[in-house]
Each structure stands twice: as C-alpha cells, then as structure tokens.
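Worksheet: the structure to be examined is printed underneath.
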Amino acid sequence: MLEELTAGFPILSCILFLPVVGAAVLWLFDEEDMVRTSALTIALVELALSVFVLLRFVPESAAMQFTERVRWIPALGISYHLAVDGISVLFVGLTAFLTVLVVVYSWDTIRHQVKLYMMCLLALETTTMGVFVSLDLILFFVFWELMLIPSYFLIKLWGGGAERHYAALKFVLYTLLGSVFMLVGIALLNINYHEWASLHHTDQTYSFDLLELLTVPIPVSQQLVIFWLMFLGFAFKAPVFPFHTWLPDALLEGPIGMAVVLAGLKLGTFGFIRFSIPLLPDASKSETVVMVVVVLGLCAILYGAWMALVQVDFRRLLAYSSVSHLGFVVVGLFALNYQGLQGSLLTMINLGFSTAGLFFIAGFLYSRQQTTQLAAFGGMAKQVPLLATFFLIIGLASIGLPGTNGFVGEFLILLGAFKAKWWFGAVAVLGVIFGAAYFLWYYERSMFGPLGAAVKGTMSDLQPREKIIAVSLSVMILWIGLYPSPFLRIMNGSIQALVDRVSQETKVSLEGNGFERRY
Amino acid sequence: MSDLTDLLIKLIPVFPLLAVLVNGVLGHRYSHDMAHRLAWGSVGLSFLCTVIVFIDVMRTGASHEVIAYQWIFGGDLAINLAYLVDPLTCAWLLVVTGVGFLIHVYSVGYMHGEAGFTRFFTYMNLFMVSMLLLVMGNNYVVLFIGWEGVGLCSYLLIGYYYDKVSAAKAASKAFVVNRIGDAGFLVAIFLIFINFKTLDYTKVFAQVGQLSPDMATAIALCLLLGAIGKSAQLPLHTWLPDAMEGPTPVSALIHAATMVTAGVYMIVRNHAIFDLSPFAMSMVAFVGGGTALFAATIGLVQTDIKRVLAYSTVSQLGYMFLGCGVGAYTAAVFHVMTHAFFKALLFLAAGSVIHALSGEQDIRKMGGLSSRIPWTHRLFLIGTIAIAGLPPLAGFWSKDEIMAHAFTHQHYLLYSMAACGALMTSFYMFRLTYLTFYGSSRMDHHTAEHVHESPMIMVAPLMVLAFLSIVGGVVLGFPPEHGWLHGFLGPVVGVGSEHEASAGMVVLLMGIAIAIALMGWGLAHFLYVVSPATADGWAEKFSAAYRILLNKYYVDEFYDLMFVEPLKRLGAMLDWFDRTVIDGVVRGVGRITDWGASGSTWIEKHIVYAGLNVIGYGNHLAAREGRKMQSGMVHHYAAIIVAGLFLLVLVVQLFAPM
C-alpha cells in the first residue's frame, strides 16, 4: 500500500529542497522562538524523510535506488540526476541527524540573528545533501561550491574567535582552490566521454553523468591526470595531510554548529569513494598513486595524533584528531580491498557520531567556561558527572574502543591495510596507541584531579537539551558498535561492486578500436 | 541437556550486563542496598550457570560453541559474537565468576559509605561482562572486545578516586601502556586472518600446521606483546604497581585474580601457534623468568602493603609465563587458579588491614596487629604460607609443578631463576607478615585507638578463599603431573611429555622447593623478629642497591626520559612546524593570489565569463553568488578561477587531439 503510494514520488528531491525551502519560509517569521521551532520542525521532517529512505532502501544491493533523472542542459550532457546507493544513503541519514542535533544545540547558544543562522544552517543542509545524492558531476560540483556560501557566513558571523574572518576566508579559499582542480578533472572526464562517444557514434555526445561516465573506458595515462586533479579537490576539502591547516582555524574560530558539520561529514573522502575510485580504477590502483596517497594517510595518522597530544585547546585537539582519523580513512580506501573500503565508509559515518559528538561536548564545555582551553578546566567530573560520562563514552568511540562504533570501522580499515601491504597496517596500528594517549591525557587533565582554579563551584550538569544530544549520539555509538549488521548490510552490495570494479583488469587495451591511439 | 547448556552459556554474561544497565541508568534513583544486591546477585547467578555448564562439560567432555549473533561481516570476513566453552574456558570461568562473586560480596562491606558506591558496582559488573567475553569468545575479535573492555574497567576503577592526581595518572598510564600491548595483539589478529582466512579458534587451530615457522614466530611474538601488556610483564610491567591506586577489592579482582591472567589465557589458548616456534617459546619463558626474578627483588624492599603484593603479583605472573614457555601449560593454568585463591585472599586481607587502620598502607606504621585483628591475621598468614610455597597449601603444588617441569626439560637457567625468585617470594611475604602483624605497634595513637576487626560480610569471603588456598592445590593438582586438572585440560592443551620425571626426582625437587621456602621464612624471621637491627644495617651497608630496588630500578624515570618527554617535545616541535611552515606556505600562496587578484579584473571581464559559460555553467552560478557576498572575496575567487582556467587550457592542449 505504502509502496504504491510512494512509487515514483521524488523523495530525494524533497529531501534535497525541503531545508532550503524551509529556510525561505523562516524569513516570514520574526519571533525568535517561532524561528527556532520551525527550524527544528523542518529538520525533524527532513530526518523522518531520510529515515524513510533508509528503511525502504534495499540492502545488499549495488543498485542505485530512488533514482530521479531529468535532462538539464542536454547540449552539454548535464542532467539533474539524483540517486542513492549503499555508499551514499547512510550519509543522507547522518546529515539529517546531525542537523537536528545542531538545531537543538543552537537553541539557546545562538543569541543574535537567530533567523539568519537557522537559514544558513538549513541552506547548508540542502547543499550537503546535494553533494551526497547527486550523480551528475556538474550538479555535484554546484552543490559542492554552494556549500561554501552558508559555511562562510556561519563561520564569519557566528564564530566565537577573534580570527574568525581570517578563518572563514581561509576555509573558502582552500576549498575553492581545490575545486578548481577538480573542475578541470571533471571537464577532462567529459571530454573523454565525448571522444569515445564520437568514435562510437552514439546519440549522446556529452555527459557528466556518473553512471554514463562509468561505462566509458579511460586510458590509464589520462586516468592518472584526472585522478590527481580530483585528488587535490577532495584532499583540500577532506582535509588530507598536508592540506589541513585550514581545519584547526575553521573549527576553532567558527561556531560549534558549523564545526559539527565540518568535522562530522567527511565530504572529501566521500568524493574519493564516490567518484575517484570507481571512475578511475586503474589510476587508483596504480603503484604510485597507492604509495603516495597511503603514505600521506599514514603521515596524517601519526602527525595528527602527535599534534593532538600537545594541544591545550580542546577544539584544536579535535581538529588534529580529525586529521588523524582521516588518515585512517584514506589508508583504508586505498587499500582497495573489501575490508579497507567497508571500514573507511563505516568510519566516515562513525566520525559523524564520535568526532561530531566531541564537538558537541566541546560546545557544552564552552557554554560553561566560554572557552575550550585546558586551563579553564580540571577536576570537573565531580561538578558535572553526566557531562564527564558522555565525554568519556564519545571519546572512547573516537579512539576505537571495542563495543563502540569506532572499533568496527578502525578494525576493518586496519585489516584491509594489512591485507594490502603488511607495513601499511603496521604503521597505522601505531595510531591506535597515540589515539588513546592524546584523548586520555586531555580527559585526565580536564575531568580528573582536583578542581581547577578556574572552575566555578556552581557549574551545572547537562541540561535537558544537552542530554538529548548526548544520549542520542551515545545510542548510535553503541548500536553501531554492538550490532552493526543493518549498517553493514546497507553497504555490502555497493562495496562488493566497487571491489569488483577495482579488481577488474584494464579494459582499455582490449577495446581495439583505435580509441587509445591518441595517447 | 545440550540445549540447556547452550542457553546457560549465553546467559552467563547477560546477568552482569543487565546489572550494569540497570545500575548505570537508574542507580541514582534507589538505595545503595538495592544496587549492591543487584551487583553481587548477578555475578552469583553467573556463577551458578557456570557451575552447571562446568559439570556438563566435565561429564561429557564436549566443548560447546554457541553463536549469539552475527557481528562484523562483509566480503570474505565473518565475525560472530559467539562463545566457545571447553575445559580451558571452564577453568577460567570458575575462577572469574567464583572469586569475582566473593570479591563482590566483600566489596559491599569495604566500600560501605564511599561516595560513588553505585558507580563502583556498575564498573565492577562491567568488568565481569568484559572478562567473561574475554574467556568465552570463540574467536579472536570477541577475545579482543573483552581484552579492551577489561582494560577500560581497569582504567575506570584505578581512577575511581579520580580527584586524586596520582589515581588519575595511574589510570591513564595503565590504559596507554596496555594499548602498546594491544597494538601487538591487533597485528597478530590481522596476521592470523591473512594466513587462515578466518578468526575462529577451532578453524584456525585445525589448519595451524600450514603455518610457516617464520610466520608462526611472528604471530606468536605479536601475541606475546599483547600478553606482556595485559599481564604486566617486563618491560611493560610499570602500570600494575601504580594501579594500586584503585580500591583494594579492585586490586584483588582485576589486578591479581583475573584480568592480569588474561595474558596467560591468551598464550595457553594459542599454544598450538606457540608450539610451532621454539624461539617464541623461549621468549615467553625468559620474559616470565626474568619478570619473576626482577619483580621479586623490588618486592623485597617496598613499604606499601599493596605495592608489595602488586610486585608479588607481577612476579607470580612471571611464573605462569615461565610455565607456558617451557610447555607446562596445565601447570600454568593450575598456578593461575591457585594464585587467584591466595592472592585474592592476601589482597582482601590487606584491605581488611587498611580498613582497620583507617586507610593506612605503610607497613612501617603497622606492627603488632595480630592480637587486634585476629581473624585478618590468621587469614593473611594462610595466604602467606600458600604463596611462599609450603605444602600442603595451594601455592606449593602449582609453583613446584612449573619449576619441576622446567628442570626436567633441562631449562636449568630458568629453573634457577625461578628458584631464586621463590626464595625471595618466601622472604618478602614473611617480611610483610612480620612487619604488619608482629613486633611492637608503630601506629600513631589516633589510628591505634580505632583499630577494629572487619565485619562478617568482609571476613566470610576471606574464609572461603582461605579454605581454597589450603585445599585447592591438592584437589586440583595432586599427584603432580597427574592431578585432576591435568585430566580435565588434557584435551585442550595436549597431554603427555616425553620427559617423564622419575618418582625420586619429583620428590627431590619438592624437597628443594620446601627448603627454599623455609630458607626465605627463616631469613625473614631472623631479620624482622630475632634481630631487627640487622635489617637496617644491611639496608645501610648496601645502600646503593637498596635505593635502586626502592626506586624500582628507575624504570619509570627511564621511560619518561626516553619516550614520554621526547614524544612531547617532538609534538611541540611539530606544532611549531604546522603553524609556521605548513601554514606559512599557505599564507604565502594566499598573498600571491591576493596580488594576482588585483591585476585580474581585466581577465575576469574578458575571459572568465566567456570561459565559464562554456566550461562550467554551475561555476558561473557560483561565481555570481560569490559576487553578491563580498567584493574582496570575488577577487580571490576570480583569481583562482583564472588560474584554473589556464590550467585547464594547458591540460586540454596537452591531451586533446591535434
């Protein structure tokens, strides 16, 4: 019954445009509480739609689902093509989930220009959703770029730090610089398609559609060029070491809500698994690429953890721990085997609960002490036992303790890395030790010991809204940690397809149609 | 029967898990009485289930594999949350739930009136769950969940008095040092998967023969690293003495009877892999022997009652490793069991002393307590005799079996290390007993006034443990090499040794062992009862050695100097590097862009928009949006677009057909 009613219903478009339409509606309201309530309602409806998609999603399948496709600019082969598969569908749910929590968190922590803030947040949700559900590369690119606008304003206008203008600009420039390279890569993909299509006299001569581009062989040498161009785009965004210096600034200077989205949604590495690896399998598995990228990933793991060890500001620590975690993700991705890819994908989702969760914790700390500097804390577990408990639970998830979601992802990544080359895994394992060190050391100094000098005697423990955030994150953390089956089943089909695609032998030389003659 | 057994196996970890959830979430809503009843009641139920399962396993000799649910899977990997209960697991289960139950009961009295009473029992139950998973798992990953889980609980319970700086530091240290071992363990798991394509014990051990000797050695050494961390062996032993910051029942349960023996469990469980590698085996033996001796020397001079016991634990764990290393697996498990009895007894009795003295732990401030707390005294003495290795108490049989095995298999160096260690064990334990319970009182007036015997709820569990310490050795392991435990564990660890010692040899070795224990006792008696001045004289005469021992060979200081400080310094250097060099490059590029931007208006007008229309309609939109934002931005944006366009043209020129 429900099936019939929903068949053909453009649910992804609804998910995509509900927030931005909602943002427009917010414009009509003047009363702040009304704005907050409406924003929350919109975010909750969005979450409900996303959960609906997740429930109706057919697991263990590699197929694109909920597909919507309309020609947009046929002359250039650009179409409005939305769909989700096992790789992207979880991000849709995660984005909706985090946005709800950010709205809840911002309820009383954002005090000026509430309306504009909520509008930016909802606009950001639309653009982020767009990145995850677009299958057309130009459409994807549009959302990728549009994302910068609300992000820029969120950091610049609601950031808490003195350097927020600098941080906002740096963030935007970094991403833009990367996306220029990516755009060139996309253009080359299009040109390649055109060449091939002309040779084969197909009806369509241009395409930016992922599924169509996948059907066309790309010579290895060109794959390499495109790979590196796109790599820069994604690596700047991710950020992959050594392109990470915008991240600490943006996370520290921007508002907590923005930091949650920036650190929780791993757009850059999503780009790798969505586009780079399937489109450019031969480049992705070439010796040089694997070596360079994995070594960068390994550097990131150790470098990030090491940097995190010496940070005294919790948000800076989290920024570097993000760099370290992304190192794991990159290593897993370019292990290019089942466990590596599956672990990386799961870890990207996991970080949306653990790292983003720790940013919420940072926000809770910030609400109490107006800073996240270590000097402001000490011995707080006595004052705020609930906060300390959730801090520990989410923190342990971020360092991959078994029983939490972090372990499942990290274990799979390490296993994948070991399968690829034993020393990839051996180096990455060191990150496990450092992870425990930087988190526990900070936790010990902030929560344990005698009451810090700057800690006021009358600090309040978690408030109801904060409890909602902490509990819902912890539930997700333990769910994925103890019973990841539903999540793994959603991924399995697409991961298997990706592994098959990567492990196939190069087809280009078999075509024998003179296609490769130019190169 | 089998179905019932399977159900009971599934239930064993569920009871404490339920207690964790209920106490953890609702604990603050009801009284302490309710909380502790739930806690020890749940462990008691687990114990009952364990006993029934144990009887079934003993009767049928069958091992049970029970799958709870599918946990991590995909591709060629399938990991279940599943249990394997065989004789080896049964042995550990009995110790964990049995001794665990007694310690839970004891804790009700010991922790009475403490802030965070419910929190304590929640953590203790969580520990039980983890430890049960550790010994019950049917594959390496479930073992690893338990392994890390007990580490977490150890962290939480060491840091129970978290407002004490030393406790907080000890907790972090325990966790991080353990993680070094855990990393080794993880590597071993990955190597096993790569070699066997599975992580289930039964499947791995079925095809263990295909393993090349080098690979076997590599896996065994990685496993050993994990075991060294968890069981506080050299060189990762430093966390265990510091762990004494936790409440005493925690020291008894986690840091003596159960968790620290997990390393031994892991080695015995994987004996099939260790057996393939003589090198790894001798590493195990020498790590064990070295630790047994090393920790015993430190134990000689410590003045904190719990620290003496802590070093004693490290040393005794060394014996178990030594036993594994020479292939005496059953003897090692035997020693794990007897050690659980008498070391839990000693710790809990020490707790009773501390309780009586209102928190005093320094044995220099004790003395003459035998008449004031007679029950504690008697029970502690039983524990001392048991660990010193005097027959017929439990410690004698198990320790003697390990040493005899080493001797009859021609490991004479290891045997002499163990013998020296045994001498010292006997000495420092009797020293501890004499200083605590005999001689004249060195308590201050205030403490002396409040000395009182512990309540029944604390003494009763001690009595049970004392009883086990007395008879446990004979029941489990008599006659040597042919005791009940040998028959029971035989199917798991393999039976029979080609070097069957003659009866005369067995008796001779026993005689030597007894003589060693008596010598230690005699020496302690001489130094601390007959002529106390001599002890101080010796300490002065060998002051350098004395100071080295008192400072535990300065290992902690060495690690700080060699690893911790350089790590932090390097971290600070990297921080500088990140801010100035990496970010400096970025800022430099930013400035160039800035400069370029000012000159790019013309290009923007004439080329950019024309180009954009062709190349990227979306980008065009984005640029228009950008222009609305802020004029300064647009220049940057444009400059980048221009740069990108040039690049694009360049690339297309290079690759496009002529």
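Identifiers in the structure tokens: chain A, B, ... in order shown; residue index from 1 per chain; ligand index from 1 in order shown.
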
Residue list for chain A near chain B as number ranges by chain, 7 Å, only C-alpha atoms: A: 138, 142, 145-146, 177, 180-181, 184, 245, 306-307, 309-310, 338, 379, 401-403, 415, 418-419, 426, 429-430, 432-433, 436-437, 440-441, 444, 448-450, 483-485, 492, 518

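The list of residues with at least one atom within 9 Å of segment 476-493 of chain B, based on only C-alpha atoms and without residues fewer than 6 positions apart in the same chain, reads Met58, Gly61, Asp86, Pro87, Leu88, Ala91, Val268, Arg269, His271, Ala272, Tyr329, Thr330, Ala331, Val333, Phe334, Thr338, Ala394, Trp397, Ser398, Asp400, Glu401, His405 and Val506 of chain B.
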
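If you look at atom CA of Gln302 of chain B and atom CA of Leu561 of chain B, they are 23.5 Å away from each other.
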
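Here atom CA of Phe231 of chain A stands at a distance of 20.3 Å from atom CA of Val216 of chain A.
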
Contacts of Gly431 of chain A within 8 Å, only C-alpha atoms, excl. fewer than 5 positions in-chain, as a VMD selection string: chain A and resid 301 to 302 305 324

Can I get the selected residues back with N, CA and C atoms, as an mmCIF file, in the first residue's frame?
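Written out: result14.cif:
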```cif
data_model
loop_
_atom_site.group_PDB
_atom_site.id
_atom_site.type_symbol
_atom_site.label_atom_id
_atom_site.label_comp_id
_atom_site.auth_asym_id
_atom_site.auth_seq_id
_atom_site.Cartn_x
_atom_site.Cartn_y
_atom_site.Cartn_z
ATOM 1 N N ILE A 301 47.904 10.030 10.017
ATOM 2 C CA ILE A 301 47.542 9.313 11.240
ATOM 3 C C ILE A 301 48.494 9.697 12.369
ATOM 4 N N LEU A 302 49.782 9.582 12.084
ATOM 5 C CA LEU A 302 50.761 9.812 13.141
ATOM 6 C C LEU A 302 50.907 11.297 13.454
ATOM 7 N N ALA A 305 47.843 12.641 15.290
ATOM 8 C CA ALA A 305 47.779 12.171 16.674
ATOM 9 C C ALA A 305 48.834 12.869 17.520
ATOM 10 N N SER A 324 43.974 12.899 11.923
ATOM 11 C CA SER A 324 44.445 11.537 12.161
ATOM 12 C C SER A 324 43.404 10.507 11.691
#
```

Based on the backbone DSSP call, show me all residues of segment 76-300 of chain A assigned strand (DSSP E or B), as a CSV table (one decimal) with N, CA and C atoms, in the first residue's frame.
```
chain,number,residue,atom,x,y,z
A,78,ILE,N,24.5,17.7,-19.3
A,78,ILE,CA,24.3,17.8,-17.9
A,78,ILE,C,22.8,17.5,-17.5
A,79,SER,N,22.7,16.7,-16.5
A,79,SER,CA,21.3,16.3,-16.1
A,79,SER,C,21.1,16.5,-14.6
A,80,TYR,N,19.9,16.5,-14.2
A,80,TYR,CA,19.5,16.6,-12.8
A,80,TYR,C,19.3,15.1,-12.4
A,81,HIS,N,20.3,14.5,-11.9
A,81,HIS,CA,20.3,13.1,-11.6
A,81,HIS,C,20.6,12.8,-10.1
A,82,LEU,N,19.5,12.4,-9.4
A,82,LEU,CA,19.7,12.1,-8.0
A,82,LEU,C,19.5,10.6,-7.8
A,83,ALA,N,20.3,10.0,-6.9
A,83,ALA,CA,20.0,8.6,-6.5
A,83,ALA,C,20.9,8.3,-5.3
A,84,VAL,N,20.5,7.3,-4.6
A,84,VAL,CA,21.4,6.8,-3.5
A,84,VAL,C,21.7,5.4,-3.7
A,134,SER,N,23.8,13.7,-5.5
A,134,SER,CA,24.0,14.0,-7.0
A,134,SER,C,24.8,12.9,-7.7
A,136,ASP,N,25.2,13.5,-11.1
A,136,ASP,CA,25.8,14.2,-12.2
A,136,ASP,C,26.9,15.1,-11.7
A,209,ASP,N,27.3,12.5,-16.4
A,209,ASP,CA,26.6,11.6,-15.6
A,209,ASP,C,27.5,10.5,-15.1
```

Near-Val131 of chain A list (12 Å; only C-alpha atoms; drop same-chain fewer than 2 positions) as a count of residues only: 39

Atom-to-atom span, atom CA of Leu148 of chain A and atom CA of Val102 of chain A, Å: 18.0 Å

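Nearest residue to Ser284 of chain A among A:Ser221, A:Leu451, A:Ala238, A:Leu336 is A:Leu336, counting only C-alpha atoms.
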
Segment 362-421 of chain B: residues DSSP assigns to helix (DSSP H, G or I), reported as a ChimeraX atom specification: /B:363-365,374-388,394-408,412-421

Close residues, Ile393 of chain A itself excluded, 12 Å, only C-alpha atoms, min 3 positions apart in chain, as a compact mmCIF listing (two decimals) with N, CA and C atoms, in the first residue's frame:
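Here's the written file selection-v2.txt:
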```txt
# COMPACT_ATOMS: atom_id res chain seq x y z
N PHE A 353 29.32 10.57 14.30
CA PHE A 353 28.80 10.44 15.65
C PHE A 353 29.88 10.78 16.69
N SER A 354 31.09 10.27 16.48
CA SER A 354 32.10 10.45 17.53
C SER A 354 32.77 11.82 17.48
N THR A 355 33.38 12.16 16.34
CA THR A 355 34.05 13.47 16.29
C THR A 355 33.04 14.60 16.43
N GLY A 357 30.28 14.34 17.89
CA GLY A 357 29.85 14.28 19.28
C GLY A 357 30.81 15.00 20.20
N LEU A 358 32.10 14.81 19.95
CA LEU A 358 33.08 15.50 20.79
C LEU A 358 33.00 17.01 20.59
N ILE A 361 30.42 18.09 22.79
CA ILE A 361 30.97 18.14 24.15
C ILE A 361 31.77 19.43 24.33
N LEU A 386 27.55 13.82 34.67
CA LEU A 386 26.93 13.32 33.43
C LEU A 386 27.71 13.75 32.21
N LEU A 387 28.10 15.01 32.22
CA LEU A 387 28.91 15.52 31.11
C LEU A 387 30.19 14.70 31.00
N ALA A 388 30.82 14.43 32.14
CA ALA A 388 32.07 13.66 32.12
C ALA A 388 31.82 12.26 31.58
N THR A 389 30.69 11.67 31.94
CA THR A 389 30.39 10.30 31.46
C THR A 389 30.23 10.27 29.95
N PHE A 390 29.43 11.21 29.43
CA PHE A 390 29.21 11.19 27.98
C PHE A 390 30.48 11.59 27.23
N LEU A 396 35.79 7.54 23.89
CA LEU A 396 36.26 6.17 23.68
C LEU A 396 35.85 5.67 22.30
N ALA A 397 34.69 6.13 21.83
CA ALA A 397 34.30 5.76 20.47
C ALA A 397 35.29 6.33 19.48
N SER A 398 35.75 7.55 19.75
CA SER A 398 36.66 8.17 18.79
C SER A 398 38.02 7.50 18.80
N ILE A 399 38.42 6.88 19.90
CA ILE A 399 39.70 6.16 19.88
C ILE A 399 39.49 4.68 19.60
N GLY A 400 38.27 4.31 19.21
CA GLY A 400 38.06 2.95 18.70
C GLY A 400 38.06 1.85 19.73
N LEU A 401 37.43 2.09 20.85
CA LEU A 401 37.35 1.03 21.84
C LEU A 401 36.30 0.00 21.39
N PRO A 402 36.61 -1.30 21.49
CA PRO A 402 35.63 -2.30 21.11
C PRO A 402 34.32 -2.12 21.89
N GLY A 403 33.22 -2.35 21.20
CA GLY A 403 31.92 -2.10 21.81
C GLY A 403 31.35 -0.78 21.33
N THR A 404 32.23 0.10 20.85
CA THR A 404 31.76 1.34 20.24
C THR A 404 31.91 1.23 18.73
N ASN A 405 31.24 2.15 18.03
CA ASN A 405 31.27 2.11 16.57
C ASN A 405 32.69 2.27 16.02
N GLY A 406 33.49 3.09 16.73
CA GLY A 406 34.84 3.37 16.24
C GLY A 406 35.65 2.12 16.01
N PHE A 439 43.75 11.34 23.77
CA PHE A 439 42.42 11.55 24.36
C PHE A 439 42.47 11.43 25.88
N LEU A 440 43.05 10.33 26.36
CA LEU A 440 43.00 10.11 27.81
C LEU A 440 43.79 11.17 28.57
N TYR A 443 41.58 14.12 28.76
CA TYR A 443 40.46 13.81 29.63
C TYR A 443 40.89 13.85 31.09
N ALA A 470 23.48 14.25 23.83
CA ALA A 470 24.47 13.27 24.30
C ALA A 470 23.90 11.85 24.24
N VAL A 471 22.65 11.71 24.66
CA VAL A 471 22.08 10.36 24.68
C VAL A 471 21.89 9.83 23.26
N LEU A 473 23.49 10.55 20.57
CA LEU A 473 24.79 10.17 20.00
C LEU A 473 25.30 8.87 20.61
N SER A 474 25.16 8.74 21.91
CA SER A 474 25.68 7.53 22.56
C SER A 474 24.92 6.29 22.10
N VAL A 475 23.62 6.45 21.90
CA VAL A 475 22.84 5.31 21.42
C VAL A 475 23.37 4.85 20.06
N MET A 476 23.60 5.82 19.19
CA MET A 476 24.12 5.45 17.86
C MET A 476 25.49 4.79 17.98
N ILE A 477 26.32 5.34 18.85
CA ILE A 477 27.68 4.82 19.02
C ILE A 477 27.64 3.36 19.47
N LEU A 478 26.79 3.07 20.45
CA LEU A 478 26.74 1.70 20.95
C LEU A 478 26.02 0.77 19.97
N GLY A 481 28.37 -0.06 17.37
CA GLY A 481 29.47 -0.82 17.97
C GLY A 481 29.10 -2.26 18.26
N LEU B 152 39.39 -1.08 29.91
CA LEU B 152 38.59 0.11 30.20
C LEU B 152 38.15 0.11 31.66
N LEU B 156 38.81 2.70 34.62
CA LEU B 156 37.78 3.39 35.40
C LEU B 156 37.94 3.13 36.89
```

Selection: 10 Å around Ile354 of chain B, only C-alpha atoms, excl. self and same-chain fewer than 3 positions, as a list in words: Tyr110, Thr248, Ile305, Lys306, Leu348, Ala349, Ala350, Gly351, Leu357, Ser358, Gly359, Glu360, Gln361, Asp362, Met366 and Val451 of chain B
